[in-house]
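Q: Have a peek at final_14.pdb (PDB, C-alpha atoms).
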ATOM      1  CA  MET A   1      95.488  95.688  97.954
ATOM      2  CA  ASN A   2      97.428  92.768  96.507
ATOM      3  CA  LYS A   3      96.280  89.495  94.977
ATOM      4  CA  MET A   4      97.230  87.360  97.991
ATOM      5  CA  PHE A   5      95.027  89.491 100.241
ATOM      6  CA  ARG A   6      92.118  89.466  97.793
ATOM      7  CA  ASP A   7      92.374  85.713  97.329
ATOM      8  CA  MET A   8      92.384  85.149 101.087
ATOM      9  CA  ILE A   9      89.307  87.322 101.574
ATOM     10  CA  LYS A  10      87.553  85.492  98.713
ATOM     11  CA  GLU A  11      88.443  82.165 100.333
ATOM     12  CA  ILE A  12      86.982  83.318 103.655
ATOM     13  CA  CYS A  13      83.835  84.623 101.971
ATOM     14  CA  ASP A  14      83.292  81.279 100.243
ATOM     15  CA  GLU A  15      83.571  79.505 103.594
ATOM     16  CA  LEU A  16      81.093  81.898 105.219
ATOM     17  CA  ASN A  17      78.683  81.934 102.276
ATOM     18  CA  ILE A  18      79.263  85.668 101.724
ATOM     19  CA  HIS A  19      79.031  87.157  98.237
ATOM     20  CA  TYR A  20      82.375  88.709  97.268
ATOM     21  CA  LYS A  21      82.900  91.352  94.593
ATOM     22  CA  ALA A  22      86.067  93.339  93.842
ATOM     23  CA  LEU A  23      85.451  96.894  92.596
ATOM     24  CA  SER A  24      87.311 100.110  91.814
ATOM     25  CA  LYS A  25      90.331  98.463  90.139
ATOM     26  CA  ASN A  26      90.484  95.902  92.980
ATOM     27  CA  TRP A  27      90.870  98.599  95.630
ATOM     28  CA  ILE A  28      87.420  97.949  97.115
ATOM     29  CA  ILE A  29      85.872  94.629  98.123
ATOM     30  CA  MET A  30      82.110  94.548  98.645
ATOM     31  CA  LEU A  31      80.785  91.806 100.913
ATOM     32  CA  GLU A  32      77.079  90.948 100.919
ATOM     33  CA  LYS A  33      74.986  88.474 102.877
ATOM     34  CA  ASP A  34      71.284  88.485 103.761
ATOM     35  CA  GLY A  35      70.894  91.984 102.345
ATOM     36  CA  VAL A  36      73.773  93.406 104.422
ATOM     37  CA  LYS A  37      76.584  95.088 102.479
ATOM     38  CA  LYS A  38      79.976  95.870 103.986
ATOM     39  CA  PHE A  39      83.256  97.051 102.490
ATOM     40  CA  ILE A  40      86.991  96.531 102.703
ATOM     41  CA  SER A  41      89.003  99.428 101.300
ATOM     42  CA  GLY A  42      92.679  98.757 100.817
ATOM     43  CA  PHE A  43      93.487  96.861 104.017
ATOM     44  CA  LYS A  44      90.846  98.721 106.030
ATOM     45  CA  PHE A  45      87.805  96.797 107.199
ATOM     46  CA  ASP A  46      84.444  98.502 107.659
ATOM     47  CA  LEU A  47      84.624  98.120 111.448
ATOM     48  CA  ASN A  48      86.181 101.340 112.746
ATOM     49  CA  GLY A  49      84.190 104.544 112.557
ATOM     50  CA  HIS A  50      85.136 106.826 109.669
ATOM     51  CA  ALA A  51      86.274 109.685 111.939
ATOM     52  CA  LEU A  52      88.402 107.338 114.056
ATOM     53  CA  GLY A  53      89.941 105.868 110.911
ATOM     54  CA  ASN A  54      91.013 109.368 109.872
ATOM     55  CA  VAL A  55      92.521 109.953 113.319
ATOM     56  CA  LEU A  56      94.521 106.727 113.197
ATOM     57  CA  ASP A  57      95.884 107.615 109.754
ATOM     58  CA  ASP A  58      97.198 110.893 111.199
ATOM     59  CA  LYS A  59     100.205 110.392 113.498
ATOM     60  CA  TYR A  60      99.884 113.782 115.153
ATOM     61  CA  ALA A  61      96.141 113.401 115.757
ATOM     62  CA  THR A  62      96.743 109.964 117.290
ATOM     63  CA  TYR A  63      99.441 111.451 119.519
ATOM     64  CA  GLU A  64      97.152 114.259 120.704
ATOM     65  CA  ILE A  65      94.342 111.865 121.604
ATOM     66  CA  LEU A  66      96.493 109.283 123.385
ATOM     67  CA  LYS A  67      98.321 112.032 125.267
ATOM     68  CA  GLU A  68      94.965 113.467 126.352
ATOM     69  CA  LEU A  69      93.975 110.022 127.642
ATOM     70  CA  ASN A  70      97.327 109.526 129.427
ATOM     71  CA  PHE A  71      98.558 106.637 127.319
ATOM     72  CA  PRO A  72     102.341 106.584 126.756
ATOM     73  CA  ILE A  73     103.146 107.606 123.187
ATOM     74  CA  ILE A  74     106.208 109.000 121.473
ATOM     75  CA  GLU A  75     106.030 112.754 121.059
ATOM     76  CA  HIS A  76     104.894 114.125 117.688
ATOM     77  CA  ASN A  77     104.869 117.691 116.380
ATOM     78  CA  ILE A  78     102.866 118.585 113.278
ATOM     79  CA  VAL A  79     104.791 120.393 110.533
ATOM     80  CA  TYR A  80     103.317 122.095 107.461
ATOM     81  CA  ALA A  81     104.861 123.537 104.320
ATOM     82  CA  PRO A  82     105.860 127.225 104.297
ATOM     83  CA  ASN A  83     103.257 127.953 101.620
ATOM     84  CA  ASN A  84     100.448 126.638 103.829
ATOM     85  CA  THR A  85      99.074 129.870 105.262
ATOM     86  CA  ASN A  86      95.870 128.494 106.758
ATOM     87  CA  ASP A  87      95.173 129.499 110.353
ATOM     88  CA  TYR A  88      95.909 125.999 111.655
ATOM     89  CA  ALA A  89      99.385 126.041 110.089
ATOM     90  CA  VAL A  90     100.746 129.517 110.811
ATOM     91  CA  ASP A  91     102.696 128.573 113.942
ATOM     92  CA  CYS A  92     104.220 125.361 112.537
ATOM     93  CA  ASN A  93     105.115 126.014 108.902
ATOM     94  CA  SER A  94     108.591 127.479 108.900
ATOM     95  CA  ILE A  95     112.301 126.710 109.025
ATOM     96  CA  SER A  96     112.554 128.567 112.334
ATOM     97  CA  TYR A  97     109.876 126.294 113.821
ATOM     98  CA  ILE A  98     111.653 123.051 112.923
ATOM     99  CA  GLU A  99     114.987 124.528 114.031
ATOM    100  CA  GLU A 100     113.466 125.322 117.426
ATOM    101  CA  LEU A 101     112.269 121.718 117.759
ATOM    102  CA  PHE A 102     115.629 120.390 116.567
ATOM    103  CA  PHE A 103     117.507 122.149 119.347
ATOM    104  CA  LYS A 104     114.778 121.358 121.893
ATOM    105  CA  TYR A 105     115.399 117.680 121.200
ATOM    106  CA  ASN A 106     119.197 117.938 121.500
ATOM    107  CA  LYS A 107     119.864 117.865 117.740
ATOM    108  CA  ASN A 108     118.519 114.333 117.448
ATOM    109  CA  VAL A 109     115.160 114.018 115.680
ATOM    110  CA  VAL A 110     113.083 111.966 113.275
ATOM    111  CA  LEU A 111     111.220 113.630 110.420
ATOM    112  CA  LYS A 112     108.487 111.602 108.731
ATOM    113  CA  ILE A 113     105.290 111.770 106.745
ATOM    114  CA  ASN A 114     102.387 112.473 109.067
ATOM    115  CA  GLY A 115     100.214 109.954 107.247
ATOM    116  CA  GLY A 116     102.831 107.508 105.977
ATOM    117  CA  THR A 117     103.311 103.752 106.319
ATOM    118  CA  CYS A 118     106.036 101.110 105.863
ATOM    119  CA  GLY A 119     108.844 103.443 106.940
ATOM    120  CA  THR A 120     108.628 105.485 103.744
ATOM    121  CA  ASP A 121     110.446 108.832 104.101
ATOM    122  CA  VAL A 122     111.173 108.326 107.803
ATOM    123  CA  ILE A 123     114.517 110.036 108.378
ATOM    124  CA  HIS A 124     116.779 110.171 111.447
ATOM    125  CA  ILE A 125     118.499 113.576 111.486
ATOM    126  CA  THR A 126     121.324 114.966 113.622
ATOM    127  CA  ASP A 127     122.416 117.872 111.402
ATOM    128  CA  VAL A 128     120.391 121.071 111.100
ATOM    129  CA  ALA A 129     121.375 121.590 107.461
ATOM    130  CA  VAL A 130     120.084 118.114 106.613
ATOM    131  CA  LEU A 131     116.875 118.869 108.500
ATOM    132  CA  LYS A 132     116.278 122.024 106.476
ATOM    133  CA  ASP A 133     116.955 120.225 103.220
ATOM    134  CA  LYS A 134     114.652 117.286 104.028
ATOM    135  CA  TYR A 135     111.919 119.608 105.280
ATOM    136  CA  GLU A 136     111.961 121.621 102.079
ATOM    137  CA  LYS A 137     111.861 118.488  99.898
ATOM    138  CA  LEU A 138     109.271 116.508 101.842
ATOM    139  CA  SER A 139     106.940 119.441 102.422
ATOM    140  CA  LYS A 140     106.623 119.778  98.643
ATOM    141  CA  LYS A 141     105.522 116.143  98.359
ATOM    142  CA  TYR A 142     103.216 115.712 101.362
ATOM    143  CA  PRO A 143     100.476 117.854 102.970
ATOM    144  CA  SER A 144     101.927 117.445 106.464
ATOM    145  CA  LEU A 145     104.944 116.027 108.265
ATOM    146  CA  SER A 146     105.653 114.996 111.814
ATOM    147  CA  LEU A 147     108.811 115.775 113.761
ATOM    148  CA  CYS A 148     109.687 113.632 116.790
ATOM    149  CA  PRO A 149     112.553 113.344 119.221
ATOM    150  CA  PHE A 150     114.736 110.311 118.495
ATOM    151  CA  TYR A 151     114.104 107.435 120.899
ATOM    152  CA  GLU A 152     116.750 104.819 121.635
ATOM    153  CA  ILE A 153     114.684 101.757 120.775
ATOM    154  CA  LYS A 154     115.601  98.311 122.027
ATOM    155  CA  ASN A 155     112.643  96.465 120.513
ATOM    156  CA  GLU A 156     109.587  97.228 118.416
ATOM    157  CA  TYR A 157     106.386  95.205 118.472
ATOM    158  CA  ARG A 158     103.148  95.004 116.511
ATOM    159  CA  ALA A 159      99.853  94.070 118.152
ATOM    160  CA  VAL A 160      96.841  93.290 115.965
ATOM    161  CA  VAL A 161      93.681  94.043 117.941
ATOM    162  CA  LEU A 162      90.101  93.005 117.286
ATOM    163  CA  ASN A 163      87.252  94.116 119.541
ATOM    164  CA  GLY A 164      89.615  95.165 122.302
ATOM    165  CA  GLU A 165      91.654  91.960 122.362
ATOM    166  CA  VAL A 166      95.144  91.283 121.003
ATOM    167  CA  GLU A 167      94.810  88.581 118.347
ATOM    168  CA  LEU A 168      98.461  88.646 117.266
ATOM    169  CA  LEU A 169     101.642  90.023 118.815
ATOM    170  CA  TYR A 170     105.089  89.801 117.299
ATOM    171  CA  LYS A 171     108.449  91.489 117.567
ATOM    172  CA  LYS A 172     110.328  93.088 114.684
ATOM    173  CA  ASN A 173     114.044  92.312 114.720
ATOM    174  CA  ARG A 174     116.111  95.013 113.069
ATOM    175  CA  PRO A 175     118.526  93.994 110.275
ATOM    176  CA  ILE A 176     121.767  94.009 112.278
ATOM    177  CA  VAL A 177     124.472  91.373 111.783
ATOM    178  CA  ILE A 178     127.655  90.535 113.691
ATOM    179  CA  GLY A 179     130.842  89.496 111.947
ATOM    180  CA  ASN A 180     132.662  86.197 112.440
ATOM    181  CA  GLY A 181     135.829  87.052 110.517
ATOM    182  CA  LYS A 182     134.806  84.802 107.605
ATOM    183  CA  ALA A 183     131.441  85.793 106.122
ATOM    184  CA  THR A 184     130.738  88.842 103.981
ATOM    185  CA  VAL A 185     128.113  91.440 104.821
ATOM    186  CA  LYS A 186     125.898  90.037 102.076
ATOM    187  CA  GLU A 187     126.198  86.489 103.380
ATOM    188  CA  LEU A 188     125.374  87.541 106.925
ATOM    189  CA  LEU A 189     122.379  89.590 105.818
ATOM    190  CA  GLN A 190     121.123  86.688 103.708
ATOM    191  CA  GLU A 191     121.459  84.414 106.727
ATOM    192  CA  PHE A 192     119.402  86.929 108.723
ATOM    193  CA  ASN A 193     116.611  87.404 106.161
ATOM    194  CA  TYR A 194     117.258  85.644 102.868
ATOM    195  CA  PRO A 195     114.102  86.641 100.924
ATOM    196  CA  TYR A 196     114.765  90.327 101.536
ATOM    197  CA  PHE A 197     118.547  90.279 101.008
ATOM    198  CA  LYS A 198     118.890  87.593  98.324
ATOM    199  CA  ASP A 199     119.718  90.233  95.697
ATOM    200  CA  TYR A 200     121.544  92.613  98.037
ATOM    201  CA  ASN A 201     124.187  94.555  96.147
ATOM    202  CA  SER A 202     126.008  97.457  97.733
ATOM    203  CA  LYS A 203     129.528  98.787  98.119
ATOM    204  CA  ASP A 204     129.811  96.874 101.390
ATOM    205  CA  SER A 205     128.377  93.566 100.055
ATOM    206  CA  SER A 206     131.733  91.796  99.799
ATOM    207  CA  LYS A 207     133.223  93.226 102.980
ATOM    208  CA  ILE A 208     134.208  90.564 105.511
ATOM    209  CA  LEU A 209     133.312  91.713 108.990
ATOM    210  CA  LYS A 210     135.822  91.139 111.743
ATOM    211  CA  ASN A 211     134.857  88.852 114.589
ATOM    212  CA  GLY A 212     132.346  90.799 116.710
ATOM    213  CA  GLU A 213     132.111  93.698 114.255
ATOM    214  CA  ILE A 214     128.556  95.017 113.966
ATOM    215  CA  PHE A 215     126.921  96.018 110.686
ATOM    216  CA  GLU A 216     123.637  97.922 110.905
ATOM    217  CA  TYR A 217     121.734  97.800 107.635
ATOM    218  CA  ASP A 218     118.880 100.053 108.783
ATOM    219  CA  TRP A 219     118.009 101.861 112.006
ATOM    220  CA  ARG A 220     114.291 101.301 111.402
ATOM    221  CA  PHE A 221     112.286  98.232 112.425
ATOM    222  CA  ASN A 222     109.988  97.995 109.396
ATOM    223  CA  LEU A 223     109.498  94.600 107.762
ATOM    224  CA  ALA A 224     109.470  96.581 104.521
ATOM    225  CA  ASN A 225     113.104  97.545 105.204
ATOM    226  CA  GLY A 226     114.553  94.152 106.038
ATOM    227  CA  ALA A 227     113.411  93.595 109.629
ATOM    228  CA  LYS A 228     112.347  90.083 110.585
ATOM    229  CA  VAL A 229     109.351  88.667 112.456
ATOM    230  CA  SER A 230     110.051  87.079 115.837
ATOM    231  CA  PHE A 231     107.840  85.611 118.565
ATOM    232  CA  ASP A 232     110.671  85.626 121.091
ATOM    233  CA  ILE A 233     109.074  88.070 123.518
ATOM    234  CA  ASP A 234     109.818  88.311 127.234
ATOM    235  CA  VAL A 235     106.818  87.163 129.290
ATOM    236  CA  GLU A 236     106.580  90.398 131.292
ATOM    237  CA  ASP A 237     107.009  92.506 128.174
ATOM    238  CA  ASP A 238     104.232  90.491 126.526
ATOM    239  CA  LYS A 239     101.866  91.342 129.390
ATOM    240  CA  LYS A 240     102.726  95.048 129.331
ATOM    241  CA  ILE A 241     102.372  95.392 125.560
ATOM    242  CA  LYS A 242      99.044  93.572 125.477
ATOM    243  CA  ALA A 243      97.724  95.633 128.382
ATOM    244  CA  LEU A 244      98.714  98.839 126.609
ATOM    245  CA  ALA A 245      97.294  97.813 123.217
ATOM    246  CA  GLU A 246      94.041  96.506 124.660
ATOM    247  CA  GLY A 247      93.653  99.542 126.907
ATOM    248  CA  ILE A 248      94.041 101.876 123.962
ATOM    249  CA  SER A 249      91.723  99.945 121.665
ATOM    250  CA  LYS A 250      88.958  99.780 124.267
ATOM    251  CA  SER A 251      89.384 103.413 125.296
ATOM    252  CA  ILE A 252      89.151 104.967 121.834
ATOM    253  CA  GLY A 253      87.104 102.285 120.096
ATOM    254  CA  VAL A 254      89.563 100.620 117.739
ATOM    255  CA  LYS A 255      87.508  97.658 116.520
ATOM    256  CA  PHE A 256      90.210  96.331 114.189
ATOM    257  CA  GLY A 257      93.715  97.677 113.684
ATOM    258  CA  SER A 258      97.383  97.257 114.507
ATOM    259  CA  ILE A 259      99.223  99.099 117.251
ATOM    260  CA  ASP A 260     102.987  99.556 117.099
ATOM    261  CA  VAL A 261     104.720  99.686 120.481
ATOM    262  CA  ILE A 262     108.373 100.336 121.269
ATOM    263  CA  LYS A 263     110.517  99.388 124.247
ATOM    264  CA  THR A 264     113.334 101.860 124.788
ATOM    265  CA  THR A 265     116.819 101.030 126.045
ATOM    266  CA  ASP A 266     115.770 102.354 129.467
ATOM    267  CA  SER A 267     112.883  99.809 129.500
ATOM    268  CA  ASN A 268     109.992 102.193 128.963
ATOM    269  CA  PHE A 269     107.112 101.321 126.644
ATOM    270  CA  TYR A 270     105.509 103.813 124.244
ATOM    271  CA  THR A 271     102.924 103.613 121.521
ATOM    272  CA  MET A 272     104.503 104.645 118.247
ATOM    273  CA  GLU A 273     101.493 104.663 115.944
ATOM    274  CA  ILE A 274      98.199 102.950 115.193
ATOM    275  CA  ASN A 275      97.237 101.640 111.769
ATOM    276  CA  SER A 276      93.575 101.521 110.738
ATOM    277  CA  GLY A 277      94.508  99.068 107.993
ATOM    278  CA  VAL A 278      95.811  95.628 108.958
ATOM    279  CA  MET A 279      98.582  94.791 106.476
ATOM    280  CA  THR A 280     100.079  91.331 106.885
ATOM    281  CA  ASN A 281     101.788  90.386 103.593
ATOM    282  CA  ARG A 282     105.337  90.324 104.922
ATOM    283  CA  PHE A 283     104.281  88.658 108.156
ATOM    284  CA  ILE A 284     102.649  85.867 106.147
ATOM    285  CA  LYS A 285     105.831  85.320 104.139
ATOM    286  CA  GLN A 286     108.101  85.236 107.186
ATOM    287  CA  ALA A 287     106.170  83.525 109.968
ATOM    288  CA  ASN A 288     105.640  79.794 110.243
ATOM    289  CA  ASN A 289     101.964  79.154 109.456
ATOM    290  CA  GLY A 290     101.664  82.867 108.731
ATOM    291  CA  TYR A 291      98.886  82.357 106.200
ATOM    292  CA  GLU A 292      96.779  80.309 108.599
ATOM    293  CA  ILE A 293      97.356  82.760 111.475
ATOM    294  CA  VAL A 294      96.289  85.761 109.414
ATOM    295  CA  LYS A 295      93.375  83.998 107.744
ATOM    296  CA  ALA A 296      91.908  83.103 111.141
ATOM    297  CA  ILE A 297      92.124  86.757 112.240
ATOM    298  CA  TYR A 298      90.607  88.109 109.030
ATOM    299  CA  LYS A 299      87.849  85.501 109.198
ATOM    300  CA  LYS A 300      86.979  86.566 112.727
ATOM    301  CA  ALA A 301      87.013  90.227 111.618
ATOM    302  CA  ILE A 302      84.677  89.499 108.703
ATOM    303  CA  GLU A 303      82.301  87.551 110.950
ATOM    304  CA  ASN A 304      82.175  90.603 113.237
ATOM    305  CA  LEU A 305      81.801  92.897 110.257
ATOM    306  CA  MET A 306      78.736  91.151 108.892
ATOM    307  CA  LYS A 307      77.022  91.213 112.292
ATOM    308  CA  ASN A 308      77.138  95.020 112.564
TER
END
Output the file's structure in the form of structure tokens.
A:
Amino acid sequence: MNKMFRDMIKEICDELNIHYKALSKNWIIMLEKDGVKKFISGFKFDLNGHALGNVLDDKYATYEILKELNFPIIEHNIVYAPNNTNDYAVDCNSISYIEELFFKYNKNVVLKINGGTCGTDVIHITDVAVLKDKYEKLSKKYPSLSLCPFYEIKNEYRAVVLNGEVELLYKKNRPIVIGNGKATVKELLQEFNYPYFKDYNSKDSSKILKNGEIFEYDWRFNLANGAKVSFDIDVEDDKKIKALAEGISKSIGVKFGSIDVIKTTDSNFYTMEINSGVMTNRFIKQANNGYEIVKAIYKKAIENLMKN
């Protein structure tokens, strides 16, 4: 929980005459009004049920539930470390298990932390030796991993939902630049997203791309990895994404959260994951009036919070 977030919540509380107190090394905010106490933990508001919050923080659990309810979602397979010999792990805690999945998905998979955020340790793998190596390393760091088939993604979107309604929808543009025969990779990346790439320094920084030559900085769509906020969303896509996000939130009871949706190159839409915490720092920095947009959403969430 960063200072900008805490300051915004304090500002909202002052406007709503709510007593604000930061606790636990600023990780917890306690809100109190008329004898009612509510909490914000990290970026998680005290609106979702505790059990549902745990589900949303678990990519495989989210997949199982949405699949059961017939919502489109990218396929996830839970993976445990070889030394996890609990009953729930015995059929998915081995090299042979991940190899089987690797070949099932045509040697094209994504391995990631089952409970991770911001694209941390999300790895696209097309070589079985690399898969084994990453599995061994990551399974020593994290209690569980998720292995998915690789999807050819055209666009990725984030929908912030509150009480079953989409309050904010934006697209994440991946950091890809196209050469003009004059500018360097660094210059093109800075033109794309200056705050993120202002200090970019790599072996390809000074390379001048040929006219039409494509440079892909990252295959992921995370704002934390250089992607950029955009509101340029096709009208029909907007309707489909909102219908999916609102349908999911109403069906499973997501009171406040963000739902990531992808559109594949064959024009299918899938839920990728749901976040029980609503993190907006990078959106605020990139979007015009980002602070005002987010503050209005958080204010509405806090008003709902103090009613319950």
Q: The PyMOL selection byres ((chain A and resi 221) around 9) - which residues does that actually catch in the file I just gave you? List them as an mmCIF file with C-alpha atoms, in the coordinates of the input.
A:
data_model
loop_
_atom_site.group_PDB
_atom_site.id
_atom_site.type_symbol
_atom_site.label_atom_id
_atom_site.label_comp_id
_atom_site.auth_asym_id
_atom_site.auth_seq_id
_atom_site.Cartn_x
_atom_site.Cartn_y
_atom_site.Cartn_z
ATOM 1 C CA GLY A 119 108.844 103.443 106.940
ATOM 2 C CA ASN A 155 112.643 96.465 120.513
ATOM 3 C CA GLU A 156 109.587 97.228 118.416
ATOM 4 C CA TYR A 157 106.386 95.205 118.472
ATOM 5 C CA LYS A 172 110.328 93.088 114.684
ATOM 6 C CA ASN A 173 114.044 92.312 114.720
ATOM 7 C CA ARG A 174 116.111 95.013 113.069
ATOM 8 C CA PRO A 175 118.526 93.994 110.275
ATOM 9 C CA ASP A 218 118.880 100.053 108.783
ATOM 10 C CA TRP A 219 118.009 101.861 112.006
ATOM 11 C CA ARG A 220 114.291 101.301 111.402
ATOM 12 C CA ASN A 222 109.988 97.995 109.396
ATOM 13 C CA LEU A 223 109.498 94.600 107.762
ATOM 14 C CA ALA A 224 109.470 96.581 104.521
ATOM 15 C CA ASN A 225 113.104 97.545 105.204
ATOM 16 C CA GLY A 226 114.553 94.152 106.038
ATOM 17 C CA ALA A 227 113.411 93.595 109.629
ATOM 18 C CA LYS A 228 112.347 90.083 110.585
#
Q: Tell me, as a list in words, which residues lie within 7 Å of region 65-81 of chain A, counting all atoms listed in the file; anything in the same chain fewer than 4 positions away does not count.
A: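 Counting all atoms listed in the file, the residues come to Tyr60, Ala61, Ala89, Cys92, Asn93, Ser139, Pro143, Ser144, Leu145, Ser146, Leu147, Cys148, Pro149, Tyr270, Thr271 and Met272 of chain A.
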Q: On this file, the PyMOL selection byres ((chain A and resi 107) around 10) gives some set of residues; write that set as a list in words.
A: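 On the file shown, the PyMOL selection byres ((chain A and resi 107) around 10) covers Glu99, Glu100, Leu101, Phe102, Phe103, Lys104, Tyr105, Asn106, Asn108, Val109, Ile125, Thr126, Asp127, Val128, Leu131, Pro149 and Phe150 of chain A.
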Q: Using the selection just defined, write its residues with C-alpha atoms as a short mmCIF file (atom, residue, chain, number, x, y, z; two decimals), keeping the file's coordinate frame.
A:
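Wrote it out as out05.cif, contents follow:
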data_model
loop_
_atom_site.label_atom_id
_atom_site.label_comp_id
_atom_site.auth_asym_id
_atom_site.auth_seq_id
_atom_site.Cartn_x
_atom_site.Cartn_y
_atom_site.Cartn_z
CA GLU A 99 114.99 124.53 114.03
CA GLU A 100 113.47 125.32 117.43
CA LEU A 101 112.27 121.72 117.76
CA PHE A 102 115.63 120.39 116.57
CA PHE A 103 117.51 122.15 119.35
CA LYS A 104 114.78 121.36 121.89
CA TYR A 105 115.40 117.68 121.20
CA ASN A 106 119.20 117.94 121.50
CA ASN A 108 118.52 114.33 117.45
CA VAL A 109 115.16 114.02 115.68
CA ILE A 125 118.50 113.58 111.49
CA THR A 126 121.32 114.97 113.62
CA ASP A 127 122.42 117.87 111.40
CA VAL A 128 120.39 121.07 111.10
CA LEU A 131 116.88 118.87 108.50
CA PRO A 149 112.55 113.34 119.22
CA PHE A 150 114.74 110.31 118.50
#
Q: Can you work out which one of A:Val161, A:Thr280, A:Ile214, A:Glu152 has the shortest atom-to-atom distance to Asn268 (chain A), counting all atoms listed in the file?
A: A:Glu152
Q: Under the rule of at most 10 Å, produce a per-residue listing of region 129-244 of chain A near region 288-301 of chain A: chain, number, name, the closest pair of atoms, and the distance in Å, as a Markdown table, using all atoms listed in the file.
A:
| residue | atom | partner | partner_atom | distance |
| --- | --- | --- | --- | --- |
| A:Val160 | CA | A:Ile297 | CA | 8.9 |
| A:Val161 | CA | A:Ile297 | CA | 9.4 |
| A:Leu162 | CA | A:Ala301 | CA | 7.0 |
| A:Asn163 | CA | A:Ala301 | CA | 8.8 |
| A:Glu167 | CA | A:Ile297 | CA | 6.9 |
| A:Leu168 | CA | A:Ile297 | CA | 8.3 |
| A:Val229 | CA | A:Asn288 | CA | 9.9 |
Q: Expanded to explicit residues, what is the PyMOL selection byres ((chain A and resi 181-198) around 9) for this file, as an NGL selection string?
A: :A and (175-180 or 199-202 or 204-213 or 215 or 217 or 224-228 or 285-286)
Q: Using all atoms listed in the file, can you list as a list in words the residues within 12 Å of (80.8, 81.2, 104.7)?
A: Ile9, Lys10, Glu11, Ile12, Cys13, Asp14, Glu15, Leu16, Asn17, Ile18, His19, Tyr20, Leu31, Glu32, Lys33, Lys299, Lys300, Ile302, Glu303 and Met306 of chain A
Q: Just to confirm, what's the straight-line distance from CA of Lys240 (chain A) to CA of Gly277 (chain A) in Å (one decimal)?
A: 23.2 Å
Q: Give the padded box for region 277-282 of chain A as lines of an AutoDock Vina configuration file: axis-aligned, covering all atoms listed in the file, 4 Å on each side, centre and edge lengths in Å to one decimal.
A:
center_x = 99.9
center_y = 94.7
center_z = 106.3
size_x = 18.8
size_y = 16.7
size_z = 13.4
Q: Go through A:Thr117, A:Asn84, A:Ser94, A:Ser258 one by one, measure the shortest atom-to-atom distance of each to Ala245 (chain A) using all atoms listed in the file, and give the residue with the smallest value.
A: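 Under the stated criterion, the closest residue is A:Ser258.
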Q: Which residues, protein or nucleic acid, reach to within 10 Å of (99.1, 88.4, 98.3) in the file's coordinates when using all atoms listed in the file, and can you give that as a ChimeraX atom specification?
A: /A:1-8,280-282,284-285,291
Q: Quote the spacing between CA of Phe39 (chain A) and CA of Ser251 (chain A) in Å to one decimal place.
A: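 So the two atoms, CA of Phe39 (chain A) and CA of Ser251 (chain A), lie 24.5 Å apart.
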Q: Can you work out the spacing between CA of Asp57 (chain A) and CA of Asp238 (chain A) in Å, to one decimal?
A: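 The value is 25.4 Å.
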Q: Show me, as a list of chain:residue names, the residues that have an atom within 10 Å of Lys255 (chain A) when counting all atoms listed in the file, minus same-chain residues fewer than 3 positions from it.
A: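 Listed by chain and then number, they are A:Phe45, A:Asp46, A:Leu47, A:Asn48, A:Gly49, A:Val161, A:Leu162, A:Asn163, A:Gly164, A:Glu165, A:Ser249, A:Lys250, A:Ile252, A:Ser276, A:Ala301, A:Asn304, A:Leu305.
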Q: Please list as number ranges by chain every residue within 8 Å of region 121-123 of chain A, counting only C-alpha atoms and excluding residues in the same chain fewer than 4 positions away.
A: A: 110-113, 116
